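Participant: My file is data.txt. It has compact mmCIF, C-alpha atoms and all ligand atoms:
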```
# COMPACT_ATOMS: atom_id res chain seq x y z
CA MET A 1 0.00 0.00 0.00
CA SER A 2 1.30 3.49 -0.84
CA ASP A 3 1.83 6.19 1.77
CA ALA A 4 -1.08 8.17 0.33
CA ALA A 5 -3.40 5.25 1.06
CA LEU A 6 -2.14 5.10 4.65
CA THR A 7 -2.46 8.82 5.34
CA PRO A 8 -5.93 9.58 6.73
CA ALA A 9 -8.10 11.75 4.48
CA LEU A 10 -8.99 13.79 7.56
CA GLN A 11 -7.73 14.19 11.08
CA ALA A 12 -9.55 16.64 13.30
CA ARG A 13 -7.84 17.06 16.65
CA SER A 14 -9.60 18.47 19.71
CA LEU A 15 -11.75 20.97 17.82
CA SER A 16 -13.69 23.43 19.97
CA LYS A 17 -15.95 26.23 18.84
CA SER A 18 -18.26 28.53 20.78
CA PHE A 19 -20.81 31.06 19.59
CA GLY A 20 -21.28 33.44 22.53
CA THR A 21 -22.30 31.21 25.41
CA VAL A 22 -23.14 28.22 23.18
CA GLN A 23 -20.38 25.62 23.03
CA ALA A 24 -21.22 24.17 19.62
CA ALA A 25 -18.20 21.81 19.51
CA ARG A 26 -16.23 20.60 22.51
CA ASP A 27 -12.93 18.82 22.10
CA VAL A 28 -14.04 16.92 19.00
CA SER A 29 -11.48 14.54 17.51
CA LEU A 30 -12.13 12.32 14.54
CA THR A 31 -10.32 10.53 11.76
CA VAL A 32 -11.58 9.62 8.30
CA GLU A 33 -9.35 7.10 6.58
CA ALA A 34 -8.73 7.27 2.84
CA GLY A 35 -11.60 5.48 1.08
CA GLU A 36 -13.74 5.42 4.21
CA THR A 37 -17.12 7.05 4.85
CA LEU A 38 -17.75 8.37 8.36
CA ALA A 39 -21.18 9.66 9.33
CA LEU A 40 -21.43 12.33 11.98
CA LEU A 41 -24.84 11.62 13.44
CA GLY A 42 -26.76 13.53 16.08
CA PRO A 43 -29.94 15.48 16.84
CA SER A 44 -30.57 18.97 15.54
CA GLY A 45 -28.32 21.58 17.15
CA CYS A 46 -25.74 19.13 18.54
CA GLY A 47 -22.90 20.75 16.57
CA LYS A 48 -22.49 18.51 13.53
CA SER A 49 -22.47 21.32 10.98
CA THR A 50 -20.11 23.35 13.13
CA VAL A 51 -17.57 20.52 13.06
CA LEU A 52 -17.97 20.17 9.29
CA ARG A 53 -17.65 23.91 8.79
CA CYS A 54 -14.46 24.01 10.88
CA VAL A 55 -13.05 21.20 8.73
CA ALA A 56 -14.08 23.02 5.53
CA GLY A 57 -12.59 26.32 6.73
CA LEU A 58 -15.94 28.12 6.75
CA GLU A 59 -15.59 28.54 10.51
CA GLN A 60 -12.37 29.10 12.46
CA PRO A 61 -12.20 26.82 15.53
CA ASP A 62 -11.32 28.40 18.91
CA ALA A 63 -8.95 25.50 19.51
CA GLY A 64 -7.79 22.36 17.76
CA GLN A 65 -6.24 21.38 14.44
CA VAL A 66 -7.39 20.08 11.07
CA PHE A 67 -5.26 17.91 8.77
CA VAL A 68 -6.43 17.02 5.25
CA GLY A 69 -4.45 14.26 3.57
CA GLY A 70 -1.75 14.72 6.24
CA ARG A 71 -1.35 18.46 5.59
CA GLU A 72 -2.30 20.92 8.31
CA VAL A 73 -4.96 23.31 7.02
CA THR A 74 -6.26 24.79 10.29
CA THR A 75 -5.64 28.40 9.32
CA LEU A 76 -6.06 28.09 5.54
CA PRO A 77 -9.10 29.54 3.70
CA PRO A 78 -11.59 27.00 2.28
CA GLU A 79 -10.28 27.16 -1.30
CA GLN A 80 -6.80 26.15 -0.19
CA ARG A 81 -7.87 23.10 1.80
CA HIS A 82 -8.49 20.81 -1.16
CA VAL A 83 -11.82 19.47 0.06
CA GLY A 84 -14.99 18.83 -1.97
CA LEU A 85 -18.12 20.29 -0.41
CA VAL A 86 -21.77 19.38 -0.84
CA PHE A 87 -24.31 21.27 1.23
CA GLN A 88 -28.06 20.99 1.78
CA ASP A 89 -28.77 23.95 -0.48
CA TYR A 90 -26.53 22.79 -3.27
CA ALA A 91 -26.97 26.08 -5.19
CA LEU A 92 -25.91 25.47 -8.77
CA PHE A 93 -25.27 28.44 -11.04
CA PRO A 94 -28.58 28.77 -12.95
CA HIS A 95 -27.01 30.47 -15.98
CA LEU A 96 -24.34 27.79 -16.51
CA SER A 97 -24.85 24.42 -18.15
CA VAL A 98 -24.43 21.27 -16.07
CA LEU A 99 -21.00 20.76 -17.62
CA ASP A 100 -19.87 24.31 -16.85
CA ASN A 101 -21.21 24.10 -13.31
CA VAL A 102 -19.02 21.07 -12.71
CA ALA A 103 -16.04 22.50 -14.63
CA TYR A 104 -16.22 25.75 -12.67
CA GLY A 105 -14.01 24.60 -9.78
CA PRO A 106 -11.15 23.14 -11.85
CA ARG A 107 -11.36 26.21 -14.13
CA ARG A 108 -11.01 28.57 -11.17
CA ARG A 109 -7.95 26.72 -10.02
CA GLY A 110 -6.32 27.52 -13.33
CA GLU A 111 -6.99 24.51 -15.56
CA THR A 112 -7.53 25.17 -19.27
CA LYS A 113 -11.12 25.13 -20.44
CA LEU A 114 -10.57 21.84 -22.24
CA ALA A 115 -8.92 20.12 -19.27
CA ALA A 116 -11.59 21.41 -16.88
CA GLN A 117 -14.38 20.17 -19.13
CA ALA A 118 -12.75 16.77 -19.54
CA ARG A 119 -12.56 16.44 -15.80
CA ALA A 120 -16.17 17.59 -15.46
CA TYR A 121 -17.29 14.89 -17.92
CA GLU A 122 -15.45 12.30 -15.91
CA ALA A 123 -17.21 13.43 -12.72
CA LEU A 124 -20.59 13.51 -14.46
CA GLU A 125 -20.00 9.97 -15.67
CA LEU A 126 -19.40 8.88 -12.09
CA VAL A 127 -22.85 10.18 -11.12
CA ALA A 128 -24.40 8.82 -14.36
CA LEU A 129 -25.35 12.24 -15.72
CA ALA A 130 -22.93 12.71 -18.62
CA GLU A 131 -25.77 12.63 -21.15
CA LEU A 132 -27.36 15.69 -19.48
CA ALA A 133 -24.16 17.77 -19.56
CA GLY A 134 -25.68 20.34 -21.91
CA ARG A 135 -28.78 21.05 -19.83
CA PHE A 136 -29.30 23.91 -17.40
CA PRO A 137 -30.10 23.34 -13.69
CA ALA A 138 -33.75 24.40 -14.11
CA GLN A 139 -34.20 21.53 -16.59
CA LEU A 140 -33.22 18.89 -14.01
CA SER A 141 -35.13 17.08 -11.27
CA GLY A 142 -34.16 17.64 -7.62
CA GLY A 143 -32.29 14.36 -7.52
CA GLN A 144 -30.40 15.15 -10.71
CA GLN A 145 -29.43 18.57 -9.37
CA GLN A 146 -28.15 16.90 -6.24
CA ARG A 147 -26.04 14.56 -8.34
CA VAL A 148 -24.62 17.56 -10.24
CA ALA A 149 -23.65 19.08 -6.89
CA LEU A 150 -21.89 15.82 -6.07
CA ALA A 151 -20.15 15.78 -9.42
CA ARG A 152 -18.94 19.29 -8.72
CA ALA A 153 -17.36 18.10 -5.49
CA LEU A 154 -15.92 15.01 -7.20
CA ALA A 155 -14.37 17.14 -9.97
CA THR A 156 -12.09 18.72 -7.38
CA ARG A 157 -10.46 15.27 -7.00
CA SER A 158 -10.07 16.09 -3.34
CA PRO A 159 -8.92 13.38 -0.96
CA LEU A 160 -11.79 14.45 1.29
CA LEU A 161 -15.47 15.02 0.52
CA LEU A 162 -17.65 16.84 3.04
CA LEU A 163 -21.41 16.35 2.75
CA ASP A 164 -23.87 18.21 4.97
CA GLU A 165 -27.31 16.54 4.93
CA PRO A 166 -26.92 16.00 1.19
CA LEU A 167 -30.27 14.23 0.74
CA SER A 168 -32.44 16.32 3.02
CA ASN A 169 -34.17 18.33 0.29
CA LEU A 170 -35.30 15.27 -1.63
CA ASP A 171 -38.46 13.22 -1.36
CA GLU A 172 -38.39 9.79 0.24
CA LYS A 173 -38.25 7.84 -3.03
CA LEU A 174 -35.31 9.83 -4.38
CA ARG A 175 -33.52 9.65 -1.07
CA ALA A 176 -33.77 5.87 -1.08
CA GLU A 177 -32.47 5.73 -4.66
CA LEU A 178 -29.59 8.10 -4.07
CA ARG A 179 -28.64 6.39 -0.81
CA SER A 180 -27.76 3.18 -2.57
CA GLU A 181 -26.12 5.01 -5.49
CA LEU A 182 -23.98 7.08 -3.18
CA ARG A 183 -22.56 4.14 -1.31
CA ALA A 184 -21.43 2.56 -4.59
CA LEU A 185 -20.12 5.91 -5.81
CA PHE A 186 -18.03 6.52 -2.69
CA GLY A 187 -16.54 3.08 -3.20
CA ARG A 188 -15.54 3.90 -6.78
CA VAL A 189 -14.07 7.33 -6.01
CA GLY A 190 -11.81 6.21 -3.18
CA ALA A 191 -11.88 9.56 -1.33
CA GLY A 192 -12.51 9.83 2.38
CA VAL A 193 -16.05 11.05 3.03
CA LEU A 194 -17.39 12.87 6.08
CA ILE A 195 -21.17 13.04 5.96
CA VAL A 196 -23.32 14.95 8.41
CA THR A 197 -26.81 13.67 9.03
CA HIS A 198 -29.50 13.46 11.69
CA ASP A 199 -31.05 10.51 9.87
CA GLN A 200 -30.15 7.16 11.42
CA ARG A 201 -31.09 5.15 8.35
CA GLU A 202 -28.97 7.34 6.13
CA ALA A 203 -25.97 6.87 8.41
CA LEU A 204 -26.41 3.11 8.48
CA ALA A 205 -26.90 2.90 4.70
CA LEU A 206 -23.99 5.14 3.73
CA ALA A 207 -21.28 4.94 6.33
CA ASP A 208 -18.59 2.45 7.26
CA ARG A 209 -18.27 4.10 10.65
CA VAL A 210 -20.55 6.33 12.68
CA ALA A 211 -19.71 9.02 15.25
CA VAL A 212 -22.68 9.95 17.44
CA MET A 213 -22.69 13.54 18.70
CA ARG A 214 -24.55 15.01 21.64
CA ALA A 215 -24.36 18.63 22.83
CA GLY A 216 -21.08 19.41 21.10
CA GLN A 217 -19.30 16.17 21.94
CA ILE A 218 -18.75 12.81 20.30
CA VAL A 219 -20.26 10.24 22.64
CA GLN A 220 -19.69 7.05 20.65
CA VAL A 221 -17.76 6.12 17.54
CA GLY A 222 -17.37 2.76 15.83
CA ALA A 223 -18.34 0.53 12.93
CA ALA A 224 -21.86 1.53 11.88
CA ARG A 225 -23.52 -1.83 12.63
CA GLU A 226 -21.73 -2.17 15.92
CA VAL A 227 -22.83 1.27 17.14
CA PHE A 228 -26.45 0.50 16.19
CA ARG A 229 -26.30 -2.95 17.79
CA GLU A 230 -24.37 -1.99 20.89
CA PRO A 231 -25.10 1.58 21.95
CA LYS A 232 -22.96 2.44 24.96
CA THR A 233 -25.58 4.43 26.83
CA ALA A 234 -29.36 4.76 27.08
CA TRP A 235 -29.27 8.17 25.37
CA VAL A 236 -27.41 6.78 22.35
CA ALA A 237 -29.82 3.80 22.21
CA GLU A 238 -32.84 6.08 22.31
CA PHE A 239 -31.42 8.39 19.68
CA LEU A 240 -30.71 5.41 17.41
CA GLY A 241 -34.33 4.30 17.67
CA TRP A 242 -34.19 1.55 20.31
CA GLN A 243 -37.67 1.08 21.72
CA ASN A 244 -37.14 -1.08 24.77
CA ILE A 245 -35.00 0.79 27.26
CA LEU A 246 -36.04 -0.06 30.80
CA PRO A 247 -34.83 2.23 33.60
CA GLN A 248 -33.16 0.28 36.42
CA ALA A 249 -31.89 1.11 39.88
CA GLY A 250 -28.56 2.90 40.24
CA GLY A 251 -28.77 5.17 37.20
CA THR A 252 -28.67 2.33 34.68
CA ALA A 253 -31.03 1.08 31.99
CA LEU A 254 -31.66 -2.34 30.47
CA LEU A 255 -31.52 -2.47 26.67
CA VAL A 256 -33.84 -5.19 25.35
CA PRO A 257 -33.35 -5.92 21.65
CA GLU A 258 -36.18 -7.54 19.71
CA GLU A 259 -34.25 -10.81 19.47
CA ALA A 260 -34.33 -11.08 23.29
CA LEU A 261 -38.13 -11.35 23.16
CA VAL A 262 -39.54 -14.87 22.75
CA LEU A 263 -43.22 -15.02 21.85
CA GLY A 264 -45.32 -17.91 23.11
CA ALA A 265 -43.08 -18.59 26.10
CA GLY A 266 -43.06 -17.07 29.59
CA ASP A 267 -45.86 -15.26 31.35
CA PRO A 268 -49.02 -13.90 29.75
CA CYS A 269 -48.65 -10.12 29.57
CA PRO A 270 -51.56 -7.70 29.09
CA VAL A 271 -51.53 -5.84 25.77
CA VAL A 272 -51.63 -2.12 26.50
CA SER A 273 -51.84 -0.77 22.96
CA ARG A 274 -51.65 -2.00 19.38
CA GLN A 275 -51.05 -0.29 16.11
CA VAL A 276 -51.42 -1.73 12.61
CA THR A 277 -48.27 -1.52 10.46
CA GLU A 278 -47.42 -2.47 6.88
CA THR A 279 -46.23 -5.92 7.95
CA GLY A 280 -48.47 -6.66 10.93
CA GLU A 281 -48.82 -4.87 14.24
CA THR A 282 -46.71 -3.04 16.77
CA VAL A 283 -47.95 -3.83 20.27
CA GLN A 284 -47.01 -2.60 23.69
CA VAL A 285 -47.31 -5.10 26.53
CA GLN A 286 -46.90 -4.83 30.28
CA HIS A 287 -44.18 -7.35 31.17
CA SER A 288 -42.93 -7.89 34.72
CA ALA A 289 -39.63 -6.33 33.57
CA GLY A 290 -41.47 -3.19 32.38
CA PRO A 291 -43.41 -1.98 29.34
CA LEU A 292 -42.13 -3.61 26.14
CA THR A 293 -42.83 -2.83 22.50
CA LEU A 294 -42.69 -5.60 19.93
CA HIS A 295 -43.47 -6.06 16.28
CA LEU A 296 -45.81 -8.90 15.33
CA SER A 297 -46.27 -10.41 11.91
CA ALA A 298 -49.84 -10.38 10.56
CA ARG A 299 -50.25 -14.02 11.63
CA GLU A 300 -48.88 -13.42 15.13
CA ALA A 301 -51.11 -10.38 15.45
CA ARG A 302 -54.18 -12.47 14.58
CA ALA A 303 -53.24 -15.02 17.22
CA ALA A 304 -52.66 -12.37 19.90
CA GLY A 305 -55.64 -11.53 22.10
CA ASP A 306 -55.76 -9.29 25.14
CA THR A 307 -52.61 -10.95 26.39
CA VAL A 308 -49.37 -12.11 24.79
CA SER A 309 -47.08 -14.73 26.30
CA LEU A 310 -43.64 -13.23 26.31
CA LYS A 311 -40.28 -14.21 27.69
CA VAL A 312 -37.23 -11.95 27.91
CA VAL A 313 -33.92 -13.79 27.43
CA PRO A 314 -31.66 -12.10 29.99
CA SER A 315 -28.40 -13.05 28.25
CA LEU A 316 -29.43 -11.03 25.18
CA THR A 317 -30.15 -7.85 27.15
CA ARG A 318 -27.52 -5.30 28.15
CA ARG A 319 -27.25 -2.96 31.09
CA VAL A 320 -25.88 0.50 30.25
CA PRO A 321 -25.62 3.86 32.03
CA ASP A 322 -28.86 5.84 31.81
CA ASP A 323 -27.69 9.29 30.78
CA ARG A 324 -30.92 10.50 29.24
CA ARG A 325 -31.37 13.51 31.54
N1 LIG A 401 -23.10 31.30 13.39
C1 LIG A 401 -23.66 30.97 14.55
N2 LIG A 401 -23.95 31.90 15.49
C2 LIG A 401 -24.52 31.56 16.66
N3 LIG A 401 -24.82 30.30 17.02
C3 LIG A 401 -24.57 29.33 16.14
C4 LIG A 401 -23.99 29.60 14.86
N4 LIG A 401 -23.85 28.42 14.21
C5 LIG A 401 -24.32 27.46 15.03
N5 LIG A 401 -24.75 28.00 16.20
C6 LIG A 401 -25.31 27.25 17.35
O1 LIG A 401 -24.43 26.20 17.64
C7 LIG A 401 -25.14 25.00 17.97
C8 LIG A 401 -24.75 23.89 17.00
O2 LIG A 401 -25.23 24.21 15.70
P1 LIG A 401 -24.97 23.29 14.44
O3 LIG A 401 -25.58 23.97 13.26
O4 LIG A 401 -23.55 22.95 14.39
O5 LIG A 401 -25.81 22.00 14.82
P2 LIG A 401 -26.27 20.78 13.92
O6 LIG A 401 -26.09 19.56 14.75
O7 LIG A 401 -25.60 20.81 12.62
O8 LIG A 401 -27.82 21.09 13.74
P3 LIG A 401 -28.82 20.80 12.50
O9 LIG A 401 -28.90 19.30 12.36
O10 LIG A 401 -30.09 21.40 12.98
O11 LIG A 401 -28.24 21.49 11.31
C9 LIG A 401 -26.62 25.37 17.92
O12 LIG A 401 -27.03 25.68 19.24
C10 LIG A 401 -26.64 26.58 17.02
O13 LIG A 401 -27.74 27.41 17.34
```
Before anything else, please render the file you have as structure tokens.

Facilitator:
Amino acid sequence: MSDAALTPALQARSLSKSFGTVQAARDVSLTVEAGETLALLGPSGCGKSTVLRCVAGLEQPDAGQVFVGGREVTTLPPEQRHVGLVFQDYALFPHLSVLDNVAYGPRRRGETKLAAQARAYEALELVALAELAGRFPAQLSGGQQQRVALARALATRSPLLLLDEPLSNLDEKLRAELRSELRALFGRVGAGVLIVTHDQREALALADRVAVMRAGQIVQVGAAREVFREPKTAWVAEFLGWQNILPQAGGTALLVPEEALVLGAGDPCPVVSRQVTETGETVQVQHSAGPLTLHLSAREARAAGDTVSLKVVPSLTRRVPDDRR
């Protein structure tokens, strides 16, 4: 492996940033390896965009350092950092063709018109839009415009791509389509990708690793599946969509995954509420361990009456600190 492949695409070291009395980022450190996608995931206002903006050079951190491809860029302006940016409002130039929108960056950095356009074509091919190169932004769908914005970032050939909620302006169908396209695209491009999102599904679908942020700090980082399967605290579990988090004595909580629930065994538990879903029903039952939510198939739902026999397999549950307040 070459040195370039070993050098991380991004290293952020102990970044802190305050706005007045709001500490938007507190001692945030993260690494994005070359070819890796890391999702920065957290609720609205937790500081995700602030971290991204400090990395991009759109915000100057109060403390900490930023290295892109091994080069320190902490005090450099955005255009000298060699990063590709894609933001929520991916504002394309309306008066330029798709090709010229994508060629704009390379052109500004001094490439000849021909070289810049060749590079733009290459980037448009990566996002499967080369045949629309002659159109103007107003003649494209929202999803196509978003792909042009991506192509524009790809045309920079930066070792690091920064994406802030890149799919948030699209409808659900397009989001689902682009999600799977993006993952394949990131794989082909080989750049490191830092993607900011508050959408758990997006993080799981797109990222190799996930860093969960809360109130300016990273509270858990790891392989995406591992973080979703093994949240370290009750707050992280709740944020990631876990439904069965039972408060316990001593400031802890019991995490009960669905696979720890065995239907048809154990005590009969009263059904407290039930809701029809696409695949069956979601029911809440009162178990001796506490209230539990479970998803029943249509057949199981038909068999369930006012009570459901339910056993919790203790070895599949986990006790974690309850830090939700
Ligand atoms: N330029 C600014 N001036 C003042 N406060 C700011 C500024 N930018 C961000 N903040 C504050 O810093 C905190 C973190 O904001 P940030 O935009 O980084 O959060 P976020 O996690 O990206 O949120 P969202 O998902 O809603 O975009 C918030 O309390 C926000 O109000």

Participant: List all protein, DNA and RNA residues that have at least one atom no more than 7 Å from any atom of ligand LIG 401 (chain A), counting all atoms listed in the file, and write them as a PyMOL selection string.

Facilitator: chain A and resi 19-20+22-24+42-51+197-198

Participant: Counting all atoms listed in the file, figure out which residue out of A:Ala253, A:Ala205, A:Ala39, A:Leu10 gets nearest to Glu72 in chain A.

Facilitator: A:Leu10

Participant: Please list as a VMD selection string every residue within 9 Å of range 307-318 of chain A, counting only C-alpha atoms and excluding residues in the same chain fewer than 6 positions away.

Facilitator: chain A and resid 230 253 to 257 259 to 272 285 287 289

Participant: If we count all atoms listed in the file, what is near Leu154 in chain A at a cut-off of 10 Å, once residues fewer than 5 positions away on the same chain are taken out, given as a list in words?

Facilitator: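 Within the cut-off, the hits are Val83, Gly84, Leu85, Val86, Val102, Arg119, Ala120, Glu122, Ala123, Leu124, Leu126, Val127, Val148, Ala149, Pro159, Leu160, Leu161, Phe186, Val189 and Ala191 of chain A.
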
Participant: Take CA of Gly70 in chain A and CA of Ala103 in chain A and report the distance between them in Å, one decimal.

Facilitator: 26.5 Å

Participant: Taking into account all atoms listed in the file, which residue in the set A:Arg152, A:Arg201, A:Arg147, A:Arg53 is nearest to Leu178 in chain A?

Facilitator: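 Answer, going by the shortest atom-to-atom distance: A:Arg147.
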
Participant: For a test of reading the model, state the distance in Å between CA of Ala211 in chain A and CA of Glu238 in chain A, rounded to one decimal.

Facilitator: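 Computing the Euclidean distance for CA of Ala211 in chain A and CA of Glu238 in chain A yields 15.2 Å.
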
Participant: Please determine, counting all atoms listed in the file, which residue among A:Gln217, A:Thr293, A:Gln286, A:Ser141 has the shortest atom-to-atom distance to Leu30 in chain A.

Facilitator: A:Gln217

Participant: I'd like the neighbourhood of Pro61 in chain A as number ranges by chain, where a residue qualifies if any of its atoms comes within 7 Å (using only C-alpha atoms), though same-chain residues fewer than 4 positions away should be ignored.

Facilitator: A: 15-17, 54

Participant: CA of Lys232 in chain A and CA of Gln248 in chain A are how many Å apart?

Facilitator: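 Calculated distance between CA of Lys232 in chain A and CA of Gln248 in chain A is 15.5 Å.
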
Participant: Would you kindly return, as a list of chain:residue names, each protein, DNA or RNA residue with an atom no farther than 10 Å from any atom of Ala203 in chain A, considering only C-alpha atoms and excluding same-chain residues fewer than 3 positions away?

Facilitator: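 Here the qualifying residues turn out to be A:Thr37, A:Leu38, A:Ala39, A:Leu40, A:Leu41, A:Arg179, A:Ile195, A:Val196, A:Thr197, A:His198, A:Asp199, A:Gln200, A:Leu206, A:Ala207, A:Asp208, A:Arg209, A:Val210, A:Ala211, A:Ala224, A:Arg225.
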
Participant: Filtering to C-alpha atoms, could you give me those residues as a PDB file, keeping the file's coordinate frame?

Facilitator:
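File written: selection-v6.pdb
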```
ATOM      1  CA  THR A  37     -17.120   7.050   4.850  1.00  0.00           C
ATOM      2  CA  LEU A  38     -17.750   8.370   8.360  1.00  0.00           C
ATOM      3  CA  ALA A  39     -21.180   9.660   9.330  1.00  0.00           C
ATOM      4  CA  LEU A  40     -21.430  12.330  11.980  1.00  0.00           C
ATOM      5  CA  LEU A  41     -24.840  11.620  13.440  1.00  0.00           C
ATOM      6  CA  ARG A 179     -28.640   6.390  -0.810  1.00  0.00           C
ATOM      7  CA  ILE A 195     -21.170  13.040   5.960  1.00  0.00           C
ATOM      8  CA  VAL A 196     -23.320  14.950   8.410  1.00  0.00           C
ATOM      9  CA  THR A 197     -26.810  13.670   9.030  1.00  0.00           C
ATOM     10  CA  HIS A 198     -29.500  13.460  11.690  1.00  0.00           C
ATOM     11  CA  ASP A 199     -31.050  10.510   9.870  1.00  0.00           C
ATOM     12  CA  GLN A 200     -30.150   7.160  11.420  1.00  0.00           C
ATOM     13  CA  LEU A 206     -23.990   5.140   3.730  1.00  0.00           C
ATOM     14  CA  ALA A 207     -21.280   4.940   6.330  1.00  0.00           C
ATOM     15  CA  ASP A 208     -18.590   2.450   7.260  1.00  0.00           C
ATOM     16  CA  ARG A 209     -18.270   4.100  10.650  1.00  0.00           C
ATOM     17  CA  VAL A 210     -20.550   6.330  12.680  1.00  0.00           C
ATOM     18  CA  ALA A 211     -19.710   9.020  15.250  1.00  0.00           C
ATOM     19  CA  ALA A 224     -21.860   1.530  11.880  1.00  0.00           C
ATOM     20  CA  ARG A 225     -23.520  -1.830  12.630  1.00  0.00           C
TER      21      ARG A 225
END
```

Participant: Of the candidates A:Ala176, A:Leu6, A:Val221, A:Ala138, which one gets nearest to Phe93 in chain A if we count all atoms listed in the file?

Facilitator: A:Ala138
